file start-v7.cif (mmCIF, C-alpha atoms; chains and numbers go by the auth columns)
data_work
#
loop_
_atom_site.group_PDB
_atom_site.id
_atom_site.type_symbol
_atom_site.label_atom_id
_atom_site.label_comp_id
_atom_site.label_asym_id
_atom_site.label_seq_id
_atom_site.Cartn_x
_atom_site.Cartn_y
_atom_site.Cartn_z
_atom_site.B_iso_or_equiv
_atom_site.auth_seq_id
_atom_site.auth_asym_id
ATOM 1 C CA MET A 1 -35.252 73.625 -15.571 0.00 1 A
ATOM 2 C CA SER A 2 -32.615 72.625 -13.040 0.00 2 A
ATOM 3 C CA HIS A 3 -29.226 71.508 -14.266 0.00 3 A
ATOM 4 C CA PHE A 4 -26.404 69.506 -12.768 0.00 4 A
ATOM 5 C CA HIS A 5 -23.097 71.121 -11.897 0.00 5 A
ATOM 6 C CA ILE A 6 -20.961 68.234 -10.652 0.00 6 A
ATOM 7 C CA LEU A 7 -17.449 68.736 -9.306 0.00 7 A
ATOM 8 C CA VAL A 8 -15.379 65.634 -8.530 0.00 8 A
ATOM 9 C CA PHE A 9 -12.143 65.933 -6.587 0.00 9 A
ATOM 10 C CA ASN A 10 -10.330 62.707 -7.304 0.00 10 A
ATOM 11 C CA GLY A 11 -7.921 61.454 -4.690 0.00 11 A
ATOM 12 C CA GLU A 12 -7.185 57.987 -5.977 0.00 12 A
ATOM 13 C CA ILE A 13 -10.004 56.035 -7.556 0.00 13 A
ATOM 14 C CA ILE A 14 -11.769 58.021 -10.268 0.00 14 A
ATOM 15 C CA SER A 15 -12.728 54.736 -11.908 0.00 15 A
ATOM 16 C CA LEU A 16 -15.316 54.138 -9.160 0.00 16 A
ATOM 17 C CA PHE A 17 -17.055 57.393 -10.054 0.00 17 A
ATOM 18 C CA LEU A 18 -16.884 56.740 -13.787 0.00 18 A
ATOM 19 C CA ASP A 19 -18.130 53.162 -13.429 0.00 19 A
ATOM 20 C CA ASN A 20 -21.207 54.443 -11.584 0.00 20 A
ATOM 21 C CA PHE A 21 -21.837 57.637 -13.558 0.00 21 A
ATOM 22 C CA ASP A 22 -24.752 56.046 -15.429 0.00 22 A
ATOM 23 C CA LYS A 23 -26.691 56.037 -12.126 0.00 23 A
ATOM 24 C CA ILE A 24 -27.071 59.817 -12.399 0.00 24 A
ATOM 25 C CA ASN A 25 -30.470 60.331 -13.986 0.00 25 A
ATOM 26 C CA ASN A 26 -31.280 63.136 -16.433 0.00 26 A
ATOM 27 C CA PHE A 27 -27.691 64.310 -16.976 0.00 27 A
ATOM 28 C CA LEU A 28 -27.638 66.205 -20.277 0.00 28 A
ATOM 29 C CA PRO A 29 -24.230 67.023 -21.814 0.00 29 A
ATOM 30 C CA GLU A 30 -25.283 70.402 -23.220 0.00 30 A
ATOM 31 C CA PRO A 31 -26.743 72.262 -20.212 0.00 31 A
ATOM 32 C CA ASP A 32 -25.121 70.182 -17.453 0.00 32 A
ATOM 33 C CA LYS A 33 -21.490 70.425 -16.406 0.00 33 A
ATOM 34 C CA LEU A 34 -19.096 67.810 -15.071 0.00 34 A
ATOM 35 C CA TYR A 35 -15.665 68.854 -13.800 0.00 35 A
ATOM 36 C CA ILE A 36 -13.087 66.331 -12.624 0.00 36 A
ATOM 37 C CA LEU A 37 -10.010 67.549 -10.777 0.00 37 A
ATOM 38 C CA GLU A 38 -7.403 64.788 -10.977 0.00 38 A
ATOM 39 C CA ALA A 39 -5.220 64.700 -7.887 0.00 39 A
ATOM 40 C CA SER A 40 -4.068 61.083 -7.816 0.00 40 A
ATOM 41 C CA PHE A 41 -0.504 60.128 -7.141 0.00 41 A
ATOM 42 C CA ASN A 42 -0.922 57.227 -9.567 0.00 42 A
ATOM 43 C CA HIS A 43 -2.679 58.996 -12.469 0.00 43 A
ATOM 44 C CA LYS A 44 -0.999 56.792 -15.066 0.00 44 A
ATOM 45 C CA GLN A 45 -2.134 53.625 -13.301 0.00 45 A
ATOM 46 C CA GLU A 46 -5.737 54.940 -13.174 0.00 46 A
ATOM 47 C CA GLN A 47 -5.650 55.637 -16.915 0.00 47 A
ATOM 48 C CA GLU A 48 -4.422 52.099 -17.569 0.00 48 A
ATOM 49 C CA LYS A 49 -7.273 50.654 -15.463 0.00 49 A
ATOM 50 C CA ARG A 50 -9.844 52.636 -17.433 0.00 50 A
ATOM 51 C CA GLY A 51 -8.266 51.558 -20.712 0.00 51 A
ATOM 52 C CA LYS A 52 -8.566 47.898 -19.763 0.00 52 A
ATOM 53 C CA LYS A 53 -12.264 48.390 -18.958 0.00 53 A
ATOM 54 C CA GLY A 54 -12.952 50.196 -22.225 0.00 54 A
ATOM 55 C CA LYS A 55 -13.511 53.597 -20.616 0.00 55 A
#

call {"tool": "encode", "arguments": {"input": "start-v7.cif", "output": "structure tokens"}}
result
Amino acid sequence: MSHFHILVFNGEIISLFLDNFDKINNFLPEPDKLYILEASFNHKQEQEKRGKKGK
């Protein structure tokens, strides 16, 4: 069985990826891996945006 190995290099707007993550079909937390490398200059602002959206 194939598994996902997703690597996201975030430059500014990680919220766009997270808001659309549910479009990835058949992602299973146990065998599949998701790595996010945060590289934003405004990391705190991104966290605040996600908090307002309930993420």

call {"tool": "closest_residue", "arguments": {"input": "start-v7.cif", "among": "A:Lys33, A:His5, A:Lys49, A:Lys44", "to": "Leu18 in chain A", "atoms": "only C-alpha atoms"}}
result
A:Lys49

call {"tool": "atom_distance", "arguments": {"input": "start-v7.cif", "atom1": "CA of Pro31 in chain A", "atom2": "CA of Leu16 in chain A"}}
result
24.1 Å

call {"tool": "resolve_selection", "arguments": {"input": "start-v7.cif", "expression": "the PyMOL selection byres ((chain A and resi 8) around 9)", "output": "PyMOL selection string"}}
result
chain A and resi 6-7+9-10+14+17+34-38

call {"tool": "closest_residue", "arguments": {"input": "start-v7.cif", "among": "A:Glu48, A:Ser15, A:Asp32, A:Lys23", "to": "His3 in chain A", "atoms": "all atoms listed in the file"}}
result
A:Asp32

call {"tool": "resolve_selection", "arguments": {"input": "start-v7.cif", "expression": "the PyMOL selection byres ((chain A and resi 26) around 9)", "output": "VMD selection string"}}
result
chain A and resid 3 to 4 24 to 25 27 to 28

call {"tool": "build_atoms", "arguments": {"input": "start-v7.cif", "residues": "range 7-40 of chain A", "atoms": "N, CA and C atoms", "output": "PDB file, in the frame of the given file"}}
result
ATOM      1  N   LEU A   7     -18.889  68.554  -9.462  1.00  0.00           N
ATOM      2  CA  LEU A   7     -17.449  68.736  -9.306  1.00  0.00           C
ATOM      3  C   LEU A   7     -16.916  67.540  -8.541  1.00  0.00           C
ATOM      4  N   VAL A   8     -15.959  66.824  -9.139  1.00  0.00           N
ATOM      5  CA  VAL A   8     -15.379  65.634  -8.530  1.00  0.00           C
ATOM      6  C   VAL A   8     -13.911  65.915  -8.244  1.00  0.00           C
ATOM      7  N   PHE A   9     -13.544  65.849  -6.972  1.00  0.00           N
ATOM      8  CA  PHE A   9     -12.143  65.933  -6.587  1.00  0.00           C
ATOM      9  C   PHE A   9     -11.651  64.502  -6.425  1.00  0.00           C
ATOM     10  N   ASN A  10     -10.799  64.082  -7.324  1.00  0.00           N
ATOM     11  CA  ASN A  10     -10.330  62.707  -7.304  1.00  0.00           C
ATOM     12  C   ASN A  10      -9.061  62.582  -6.486  1.00  0.00           C
ATOM     13  N   GLY A  11      -9.096  61.700  -5.497  1.00  0.00           N
ATOM     14  CA  GLY A  11      -7.921  61.454  -4.690  1.00  0.00           C
ATOM     15  C   GLY A  11      -7.165  60.219  -5.122  1.00  0.00           C
ATOM     16  N   GLU A  12      -7.850  59.228  -5.578  1.00  0.00           N
ATOM     17  CA  GLU A  12      -7.185  57.987  -5.977  1.00  0.00           C
ATOM     18  C   GLU A  12      -7.986  57.177  -6.990  1.00  0.00           C
ATOM     19  N   ILE A  13      -9.274  57.033  -6.788  1.00  0.00           N
ATOM     20  CA  ILE A  13     -10.004  56.035  -7.556  1.00  0.00           C
ATOM     21  C   ILE A  13     -11.145  56.652  -8.376  1.00  0.00           C
ATOM     22  N   ILE A  14     -10.786  57.403  -9.386  1.00  0.00           N
ATOM     23  CA  ILE A  14     -11.769  58.021 -10.268  1.00  0.00           C
ATOM     24  C   ILE A  14     -12.579  56.963 -11.004  1.00  0.00           C
ATOM     25  N   SER A  15     -12.014  55.800 -11.195  1.00  0.00           N
ATOM     26  CA  SER A  15     -12.728  54.736 -11.908  1.00  0.00           C
ATOM     27  C   SER A  15     -14.020  54.347 -11.193  1.00  0.00           C
ATOM     28  N   LEU A  16     -14.075  54.445  -9.874  1.00  0.00           N
ATOM     29  CA  LEU A  16     -15.316  54.138  -9.160  1.00  0.00           C
ATOM     30  C   LEU A  16     -16.419  55.114  -9.537  1.00  0.00           C
ATOM     31  N   PHE A  17     -16.072  56.396  -9.642  1.00  0.00           N
ATOM     32  CA  PHE A  17     -17.055  57.393 -10.054  1.00  0.00           C
ATOM     33  C   PHE A  17     -17.495  57.144 -11.491  1.00  0.00           C
ATOM     34  N   LEU A  18     -16.549  56.929 -12.374  1.00  0.00           N
ATOM     35  CA  LEU A  18     -16.884  56.740 -13.787  1.00  0.00           C
ATOM     36  C   LEU A  18     -17.688  55.468 -14.019  1.00  0.00           C
ATOM     37  N   ASP A  19     -17.391  54.418 -13.279  1.00  0.00           N
ATOM     38  CA  ASP A  19     -18.130  53.162 -13.429  1.00  0.00           C
ATOM     39  C   ASP A  19     -19.584  53.303 -12.986  1.00  0.00           C
ATOM     40  N   ASN A  20     -19.863  54.257 -12.114  1.00  0.00           N
ATOM     41  CA  ASN A  20     -21.207  54.443 -11.584  1.00  0.00           C
ATOM     42  C   ASN A  20     -21.898  55.694 -12.108  1.00  0.00           C
ATOM     43  N   PHE A  21     -21.284  56.384 -13.040  1.00  0.00           N
ATOM     44  CA  PHE A  21     -21.837  57.637 -13.558  1.00  0.00           C
ATOM     45  C   PHE A  21     -23.215  57.449 -14.183  1.00  0.00           C
ATOM     46  N   ASP A  22     -23.462  56.292 -14.771  1.00  0.00           N
ATOM     47  CA  ASP A  22     -24.752  56.046 -15.429  1.00  0.00           C
ATOM     48  C   ASP A  22     -25.921  56.026 -14.448  1.00  0.00           C
ATOM     49  N   LYS A  23     -25.634  56.000 -13.139  1.00  0.00           N
ATOM     50  CA  LYS A  23     -26.691  56.037 -12.126  1.00  0.00           C
ATOM     51  C   LYS A  23     -27.248  57.444 -11.933  1.00  0.00           C
ATOM     52  N   ILE A  24     -26.569  58.440 -12.472  1.00  0.00           N
ATOM     53  CA  ILE A  24     -27.071  59.817 -12.399  1.00  0.00           C
ATOM     54  C   ILE A  24     -28.132  59.976 -13.474  1.00  0.00           C
ATOM     55  N   ASN A  25     -29.344  60.209 -13.060  1.00  0.00           N
ATOM     56  CA  ASN A  25     -30.470  60.331 -13.986  1.00  0.00           C
ATOM     57  C   ASN A  25     -30.584  61.748 -14.528  1.00  0.00           C
ATOM     58  N   ASN A  26     -30.974  61.857 -15.775  1.00  0.00           N
ATOM     59  CA  ASN A  26     -31.280  63.136 -16.433  1.00  0.00           C
ATOM     60  C   ASN A  26     -30.072  64.043 -16.638  1.00  0.00           C
ATOM     61  N   PHE A  27     -28.872  63.501 -16.670  1.00  0.00           N
ATOM     62  CA  PHE A  27     -27.691  64.310 -16.976  1.00  0.00           C
ATOM     63  C   PHE A  27     -27.677  64.556 -18.476  1.00  0.00           C
ATOM     64  N   LEU A  28     -27.653  65.822 -18.862  1.00  0.00           N
ATOM     65  CA  LEU A  28     -27.638  66.205 -20.277  1.00  0.00           C
ATOM     66  C   LEU A  28     -26.328  66.923 -20.578  1.00  0.00           C
ATOM     67  N   PRO A  29     -25.547  66.447 -21.537  1.00  0.00           N
ATOM     68  CA  PRO A  29     -24.230  67.023 -21.814  1.00  0.00           C
ATOM     69  C   PRO A  29     -24.231  68.512 -22.165  1.00  0.00           C
ATOM     70  N   GLU A  30     -25.278  68.991 -22.808  1.00  0.00           N
ATOM     71  CA  GLU A  30     -25.283  70.402 -23.220  1.00  0.00           C
ATOM     72  C   GLU A  30     -25.466  71.368 -22.040  1.00  0.00           C
ATOM     73  N   PRO A  31     -26.569  71.279 -21.282  1.00  0.00           N
ATOM     74  CA  PRO A  31     -26.743  72.262 -20.212  1.00  0.00           C
ATOM     75  C   PRO A  31     -26.020  71.907 -18.920  1.00  0.00           C
ATOM     76  N   ASP A  32     -25.731  70.629 -18.702  1.00  0.00           N
ATOM     77  CA  ASP A  32     -25.121  70.182 -17.453  1.00  0.00           C
ATOM     78  C   ASP A  32     -23.599  70.187 -17.565  1.00  0.00           C
ATOM     79  N   LYS A  33     -22.957  70.344 -16.439  1.00  0.00           N
ATOM     80  CA  LYS A  33     -21.490  70.425 -16.406  1.00  0.00           C
ATOM     81  C   LYS A  33     -20.926  69.365 -15.466  1.00  0.00           C
ATOM     82  N   LEU A  34     -19.828  68.767 -15.888  1.00  0.00           N
ATOM     83  CA  LEU A  34     -19.096  67.810 -15.071  1.00  0.00           C
ATOM     84  C   LEU A  34     -17.630  68.211 -15.096  1.00  0.00           C
ATOM     85  N   TYR A  35     -17.075  68.489 -13.918  1.00  0.00           N
ATOM     86  CA  TYR A  35     -15.665  68.854 -13.800  1.00  0.00           C
ATOM     87  C   TYR A  35     -14.988  67.804 -12.932  1.00  0.00           C
ATOM     88  N   ILE A  36     -13.861  67.297 -13.399  1.00  0.00           N
ATOM     89  CA  ILE A  36     -13.087  66.331 -12.624  1.00  0.00           C
ATOM     90  C   ILE A  36     -11.699  66.907 -12.404  1.00  0.00           C
ATOM     91  N   LEU A  37     -11.337  67.077 -11.143  1.00  0.00           N
ATOM     92  CA  LEU A  37     -10.010  67.549 -10.777  1.00  0.00           C
ATOM     93  C   LEU A  37      -9.186  66.340 -10.372  1.00  0.00           C
ATOM     94  N   GLU A  38      -8.246  65.960 -11.208  1.00  0.00           N
ATOM     95  CA  GLU A  38      -7.403  64.788 -10.977  1.00  0.00           C
ATOM     96  C   GLU A  38      -6.282  65.147 -10.011  1.00  0.00           C
ATOM     97  N   ALA A  39      -6.240  64.441  -8.884  1.00  0.00           N
ATOM     98  CA  ALA A  39      -5.220  64.700  -7.887  1.00  0.00           C
ATOM     99  C   ALA A  39      -4.558  63.415  -7.401  1.00  0.00           C
ATOM    100  N   SER A  40      -4.629  62.376  -8.208  1.00  0.00           N
ATOM    101  CA  SER A  40      -4.068  61.083  -7.816  1.00  0.00           C
ATOM    102  C   SER A  40      -2.551  61.094  -7.912  1.00  0.00           C
TER     103      SER A  40
END
